[in-house]
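Please read the structure below before turning to the comments.
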Amino acid sequence: MSGLNLDDFATLIERPDPGVRRDAEERRERLGLRPGALGRLDELAEWLAAAQGAVPVKPVEQVTALVFAGDHGVAKLGVSAGPEGGAAVLVKAALAGESAGAVLARRAGARLRIVDMAVDCDAAELPEEVTRHRVRRGSGRIDIENALTAEEAEAAFRAGMAIADEEADSGTDLVVLGDLSVGGTTAAGTLIGALCGTDSSVVTGRGGFGIDDLAWMRKCAAIRDGLRRARPVLGDQLELLAATGGADLAAATGFLLQSAVRRTPVILDGVVSAACALVAQRVAFRAPDWWLAGQASGDPAQAKALDRMALNPLLDHGVTVGEGTGALLALPLVQAAAALAAELPERLPADG
C-alpha cells in the first residue's frame with residue numbers, strides 16, 4: 001500500500017529502557033518491605049519506570065480510555081447478540097455516560113475518548129469530534145468479501161497513528177484501549193485464528209453480549225470462511241486487516257504501533273484489542289513490551305493471542321462488555337504500583 005511501510009516500525013520501536021528498569025529494581029531492594037511482599041505490583045512499577053525512563057516512577061495521572069467503534073457486516077449472519085441499532089446505540093450510551101466503560105472511566109478520572117471508524121449510522125447523529133476519522137459506514141462481510149478496500153485500510157491505520165501522536169503530544173501517561181462494536185469479536189477471532197494457525201472452533205467465543213449455541217455455530221462458520229480468505233494474505237498485515245479485520249481494528253493496530261514508537265504504555269482490554277495487538281506484534285516484535293493485558297475475558301481467542309505475546313493478564317473476572325471495561329478495572333492496580341514505588345521510603349543505612 002503506497003506511502004506506508006510497516007517495516008519501519010520494527011526499526012523505530014525500542015524496548016522500555018532496561019537500564020532504568022535495573023535502577024528501579026535496585027531502588028525496590030532498598031525499601032522497607034521484604035522482597036516479593038507486593039507481588040506483581042513490583043513488576044508493574046518496574047515496567048512503568050522503564051517505560052517512563054524515570055526512577056522513582058512518576059504517578060499515573062493523565063489517563064485516556066480510548067475506544068474505537070465500528071459495525072461489522074458479518075453481524076448480519078446472526079453471530080452477535082448486540083443491539084438492533086448496532087454500534088451507534090453503544091456509542092450514544094457511552095457518550096451519555098451511561099455505559100459500564102463510561103462509569104468506570106469517570107470513577108478512575110480517565111478521559112473517555114470514542115473514535116467512530118465505521119459505525120453504521122448517519123455521521124450527523126454523533127458529535128463531529130467522534131466521527132472525524134470515520135472511513136466508511138460499517139465494514140464488509142468478512143466471510144464473503146473484504147472488510148475494507150486497500151485505501152480504507154490504510155486510512156484507518158493512519159488515523160490510529162495520528163491519534164497515538166495526539167495522545168503522546170498531550171502528555172497522556174497511559175492509555176486504556178477498548179472497542180465498541182457489533183460483530184467485532186468475529187473479526188478478532190478470525191485474525192487470531194489466522195495468525196495462530198488454528199481451527200475456527202478453537203477461537204470462537206460467545207462475544208461481548210453472549211450468544212446461544214446456534215449463534216455460536218453460525219459464528220464458528222463465519223470465522224471458518226473468514227480464515228479461508230485470511231490465510232493467503234498473512235504476509236501483509238495491512239492486507240490482512242483489509243480482508244478480515246475492519247476499520248476499527250485497523251485503527252487500533254496503527255494506534256498500538258505508533259504508541260510504542262512514542263513510548264506510551266497501553267493496557268489492553270478484551271479479544272478485539274488482543275487481536276489488534278497480535279497483528280501489531282507481527283509488524284514489530286518489540287511492540288508488546290509497551291502493553292499490559294488488563295484482564296482475561298474468558299474468550300478462547302483472547303487467551304490464545306495473549307499466550308502468543310507472553311502477556312499475563314492482571315485480572316481474571318471474565319468481563320466481556322467491551323469498551324475498555326476490563327482494562328479500566330486493572331487501572332487502579334497500575335496506579336497503586338506507581339504510588340507505592342514512588343512514595344514508600346527507602347531503608348536508612350545501618351549504623352557503623
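We label chains A, B, ... in the order they appear in the C-alpha cells, count residues from 1 in each chain, and number ligands from 1 in the order shown.
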
Which neighbours of Ala123 of chain A fall inside 12 Å, counting only C-alpha atoms, when residues of the same chain fewer than 2 positions from it are skipped, and could you give them as a VMD selection string? chain A and resid 88 115 to 121 125 to 138

Choose the residue, out of A:Leu257, A:Asp236, A:Thr64, A:Leu112, that has the smallest atom-to-atom separation from Phe285 of chain A; count only C-alpha atoms.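 Smallest separation from Phe285 of chain A among the options: A:Leu257.
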
Could you tell me, as number ranges by chain, which residues of segment 56-299 of chain A DSSP assigns to alpha helix (DSSP H) when given the backbone? A: 87-95, 100-108, 128-131, 150-169, 184-196, 213-230, 237-244, 247-261, 271-283

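Checking A:Lys304, A:His317, A:Lys58, A:Arg347 one by one against Gln335 of chain A, counting only C-alpha atoms, you find the shortest gap at A:Lys58.
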
What's around Val266 of chain A at 12 Å? Count only C-alpha atoms, leave out sequence neighbours fewer than 5 positions away in its own chain, and write the answer as a VMD selection string. chain A and resid 47 to 48 51 60 63 to 66 164 167 to 168 172 to 178 252 255 to 260 273 to 274 277 287 to 294 324 327 to 328 330 to 331 334

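Near Ser200 of chain A, within 10 Å and counting only C-alpha atoms, sit Gly189, Thr190, Ile192, Gly193, Ala194, Gly197, Val203, Thr204, Gly205, Lys219, Cys220, Ala221, Ala222, Ile223, Arg224, Asp225, Gly226, Leu227 and Ala301 of chain A, not including residues fewer than 3 positions from it in the same chain.
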
If you keep N, CA, C and O atoms, can you produce a file of those selected residues as a compact mmCIF listing (two decimals), in the first residue's frame?
# COMPACT_ATOMS: atom_id res chain seq x y z
N GLY A 189 -11.63 -12.93 16.21
CA GLY A 189 -11.36 -14.36 16.23
C GLY A 189 -10.74 -14.84 14.93
O GLY A 189 -9.87 -15.71 14.92
N THR A 190 -11.18 -14.25 13.82
CA THR A 190 -10.62 -14.61 12.51
C THR A 190 -9.15 -14.22 12.43
O THR A 190 -8.30 -15.00 11.98
N ILE A 192 -7.02 -13.72 14.89
CA ILE A 192 -6.22 -14.53 15.82
C ILE A 192 -6.07 -15.96 15.30
O ILE A 192 -4.98 -16.54 15.34
N GLY A 193 -7.15 -16.52 14.79
CA GLY A 193 -7.06 -17.86 14.23
C GLY A 193 -6.08 -17.94 13.07
O GLY A 193 -5.33 -18.89 12.94
N ALA A 194 -6.11 -16.92 12.22
CA ALA A 194 -5.20 -16.90 11.07
C ALA A 194 -3.75 -16.78 11.53
O ALA A 194 -2.87 -17.50 11.04
N GLY A 197 -2.68 -19.96 13.35
CA GLY A 197 -2.77 -21.19 12.58
C GLY A 197 -3.69 -22.22 13.20
O GLY A 197 -3.38 -23.42 13.19
N VAL A 203 -11.10 -20.71 18.28
CA VAL A 203 -11.05 -19.27 18.55
C VAL A 203 -12.44 -18.62 18.53
O VAL A 203 -12.55 -17.39 18.50
N THR A 204 -13.48 -19.40 18.57
CA THR A 204 -14.83 -18.85 18.55
C THR A 204 -15.38 -18.76 19.97
O THR A 204 -15.60 -19.78 20.62
N GLY A 205 -15.58 -17.52 20.43
CA GLY A 205 -16.13 -17.30 21.76
C GLY A 205 -17.59 -16.89 21.68
O GLY A 205 -18.21 -16.90 20.62
N LYS A 219 -21.36 -18.29 14.16
CA LYS A 219 -20.13 -17.52 14.30
C LYS A 219 -18.92 -18.37 13.93
O LYS A 219 -17.99 -17.91 13.24
N CYS A 220 -18.93 -19.62 14.35
CA CYS A 220 -17.83 -20.54 14.03
C CYS A 220 -17.71 -20.71 12.52
O CYS A 220 -16.60 -20.70 11.96
N ALA A 221 -18.84 -20.84 11.84
CA ALA A 221 -18.82 -20.99 10.39
C ALA A 221 -18.32 -19.72 9.71
O ALA A 221 -17.57 -19.79 8.72
N ALA A 222 -18.71 -18.56 10.24
CA ALA A 222 -18.25 -17.29 9.66
C ALA A 222 -16.74 -17.14 9.82
O ALA A 222 -16.05 -16.70 8.89
N ILE A 223 -16.23 -17.50 10.99
CA ILE A 223 -14.78 -17.43 11.21
C ILE A 223 -14.06 -18.43 10.30
O ILE A 223 -13.00 -18.12 9.73
N ARG A 224 -14.64 -19.62 10.14
CA ARG A 224 -14.05 -20.62 9.22
C ARG A 224 -13.92 -20.04 7.82
O ARG A 224 -12.86 -20.14 7.18
N ASP A 225 -14.98 -19.41 7.34
CA ASP A 225 -14.94 -18.83 5.99
C ASP A 225 -13.98 -17.64 5.94
O ASP A 225 -13.30 -17.42 4.93
N GLY A 226 -13.94 -16.87 7.02
CA GLY A 226 -13.00 -15.76 7.08
C GLY A 226 -11.56 -16.23 7.07
O GLY A 226 -10.69 -15.60 6.44
N LEU A 227 -11.30 -17.35 7.73
CA LEU A 227 -9.93 -17.89 7.76
C LEU A 227 -9.47 -18.29 6.36
O LEU A 227 -8.29 -18.11 6.02
N ALA A 301 -10.11 -17.02 22.02
CA ALA A 301 -9.20 -16.36 21.09
C ALA A 301 -8.30 -15.38 21.84
O ALA A 301 -7.11 -15.27 21.54

If I take atom CA of Asp42 of chain A and atom CA of Pro18 of chain A, how far is one from the other in Å, to one decimal?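 That distance, rounded to one decimal, is 15.2 Å.
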
Would you mind telling me which residue in A:Gly97, A:Pro313, A:Gly73, A:Gly36 lies nearest to Arg111 of chain A when using only C-alpha atoms?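 Once distances to Arg111 of chain A are computed over only C-alpha atoms, the minimum belongs to A:Gly97.
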
Name the residues in contact with Ala188 of chain A at a cut-off of 6 Å, using only C-alpha atoms, excluding same-chain residues fewer than 2 positions from it; report them as a PDB file with N, CA, C and O atoms, in the first residue's frame.
ATOM      1  N   THR A 185     -15.981  -9.157  17.577  1.00  0.00           N
ATOM      2  CA  THR A 185     -15.285 -10.334  18.104  1.00  0.00           C
ATOM      3  C   THR A 185     -15.160 -11.426  17.049  1.00  0.00           C
ATOM      4  O   THR A 185     -14.260 -12.263  17.122  1.00  0.00           O
ATOM      5  N   THR A 186     -16.058 -11.432  16.052  1.00  0.00           N
ATOM      6  CA  THR A 186     -15.923 -12.392  14.955  1.00  0.00           C
ATOM      7  C   THR A 186     -14.712 -12.053  14.098  1.00  0.00           C
ATOM      8  O   THR A 186     -13.912 -12.931  13.735  1.00  0.00           O
ATOM      9  N   THR A 190     -11.182 -14.250  13.818  1.00  0.00           N
ATOM     10  CA  THR A 190     -10.619 -14.613  12.513  1.00  0.00           C
ATOM     11  C   THR A 190      -9.149 -14.217  12.431  1.00  0.00           C
ATOM     12  O   THR A 190      -8.298 -15.000  11.982  1.00  0.00           O
ATOM     13  N   LEU A 191      -8.827 -12.995  12.857  1.00  0.00           N
ATOM     14  CA  LEU A 191      -7.437 -12.543  12.823  1.00  0.00           C
ATOM     15  C   LEU A 191      -6.553 -13.423  13.698  1.00  0.00           C
ATOM     16  O   LEU A 191      -5.455 -13.836  13.293  1.00  0.00           O
ATOM     17  N   VAL A 272     -10.841  -8.106  21.148  1.00  0.00           N
ATOM     18  CA  VAL A 272     -10.614  -7.230  19.994  1.00  0.00           C
ATOM     19  C   VAL A 272      -9.262  -6.527  20.106  1.00  0.00           C
ATOM     20  O   VAL A 272      -8.476  -6.514  19.145  1.00  0.00           O
ATOM     21  N   ALA A 275      -6.512  -9.007  19.500  1.00  0.00           N
ATOM     22  CA  ALA A 275      -6.318  -9.327  18.082  1.00  0.00           C
ATOM     23  C   ALA A 275      -5.487  -8.251  17.397  1.00  0.00           C
ATOM     24  O   ALA A 275      -4.564  -8.548  16.624  1.00  0.00           O
TER      25      ALA A 275
END

Quick one: DSSP strand (DSSP E) residues in segment 1-136 of chain A, as a list in words? Val63, Thr64, Ala65, Leu66, Val67, Phe68, Ala69, Gly70, Asp71, Arg111, Leu112, Arg113, Ile114, Val115, Asp116, Met117 and Ala118 of chain A

Near Ala336 of chain A, counting only C-alpha atoms, which residues have an atom at most 9 Å away, once you skip same-chain residues fewer than 4 positions from it, shown as a list of chain:residue names?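 That gives A:Leu41, A:Ala45, A:Pro59, A:Val60, A:Leu331, A:Pro332, A:Leu340, A:Ala341.
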
Writing out the chosen residues with all heavy atoms as a short mmCIF file (atom, residue, chain, number, x, y, z; two decimals), in the first residue's frame:
data_model
loop_
_atom_site.label_atom_id
_atom_site.label_comp_id
_atom_site.auth_asym_id
_atom_site.auth_seq_id
_atom_site.Cartn_x
_atom_site.Cartn_y
_atom_site.Cartn_z
N LEU A 41 2.84 -6.11 41.86
CA LEU A 41 2.92 -4.65 41.88
C LEU A 41 4.36 -4.19 41.69
O LEU A 41 4.61 -3.14 41.10
CB LEU A 41 2.34 -4.09 43.18
CG LEU A 41 0.84 -4.31 43.40
CD1 LEU A 41 0.39 -3.62 44.68
CD2 LEU A 41 0.04 -3.79 42.21
N ALA A 45 5.51 -1.72 38.66
CA ALA A 45 6.23 -0.47 38.91
C ALA A 45 7.53 -0.41 38.12
O ALA A 45 7.89 0.64 37.57
CB ALA A 45 6.52 -0.33 40.41
N PRO A 59 3.77 9.39 38.99
CA PRO A 59 2.36 8.99 39.15
C PRO A 59 1.68 8.86 37.79
O PRO A 59 1.99 9.56 36.84
CB PRO A 59 1.74 10.15 39.95
CG PRO A 59 2.89 10.85 40.59
CD PRO A 59 4.06 10.68 39.67
N VAL A 60 0.72 7.93 37.72
CA VAL A 60 -0.09 7.75 36.51
C VAL A 60 -1.37 8.55 36.72
O VAL A 60 -2.31 8.09 37.38
CB VAL A 60 -0.40 6.27 36.26
CG1 VAL A 60 -1.29 6.10 35.04
CG2 VAL A 60 0.90 5.49 36.08
N LEU A 331 -6.76 -0.67 35.90
CA LEU A 331 -6.04 0.60 36.01
C LEU A 331 -5.64 0.95 37.45
O LEU A 331 -4.50 1.37 37.68
CB LEU A 331 -6.89 1.72 35.40
CG LEU A 331 -6.37 3.15 35.54
CD1 LEU A 331 -5.00 3.30 34.87
CD2 LEU A 331 -7.37 4.14 34.94
N PRO A 332 -6.52 0.79 38.45
CA PRO A 332 -6.10 1.12 39.82
C PRO A 332 -4.90 0.32 40.31
O PRO A 332 -4.11 0.81 41.13
CB PRO A 332 -7.35 0.82 40.66
CG PRO A 332 -8.49 0.97 39.71
CD PRO A 332 -7.96 0.46 38.39
N LEU A 340 3.11 3.23 45.22
CA LEU A 340 3.91 2.53 46.23
C LEU A 340 5.40 2.63 45.92
O LEU A 340 6.22 2.88 46.81
CB LEU A 340 3.49 1.06 46.30
CG LEU A 340 2.12 0.80 46.93
CD1 LEU A 340 1.67 -0.63 46.65
CD2 LEU A 340 2.16 1.06 48.43
N ALA A 341 5.76 2.45 44.65
CA ALA A 341 7.17 2.51 44.29
C ALA A 341 7.75 3.90 44.51
O ALA A 341 8.93 4.05 44.87
CB ALA A 341 7.35 2.09 42.83
#

Among the residues A:Val279, A:Val79, A:Ile142, A:Ile13, the one that comes closest to Ala251 of chain A [using only C-alpha atoms]: A:Val279

Using only C-alpha atoms: which of A:Arg141, A:Arg308, A:Arg218, A:Arg228 has the shortest distance to Cys196 of chain A: A:Arg308

Just checking: using only C-alpha atoms, which residue out of A:Val67, A:Glu43, A:Ala24, A:Thr325 ends up closest to Asn312 of chain A?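 Closest candidate: A:Glu43.
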
Long-range neighbours of Ala284 of chain A as a list in words, 7 Å cut-off, only C-alpha atoms, 3 positions minimum in chain: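 Near neighbours after the sequence-gap exclusion: Phe9, Ala10, Ala280, Gln281 and Ala287 of chain A.
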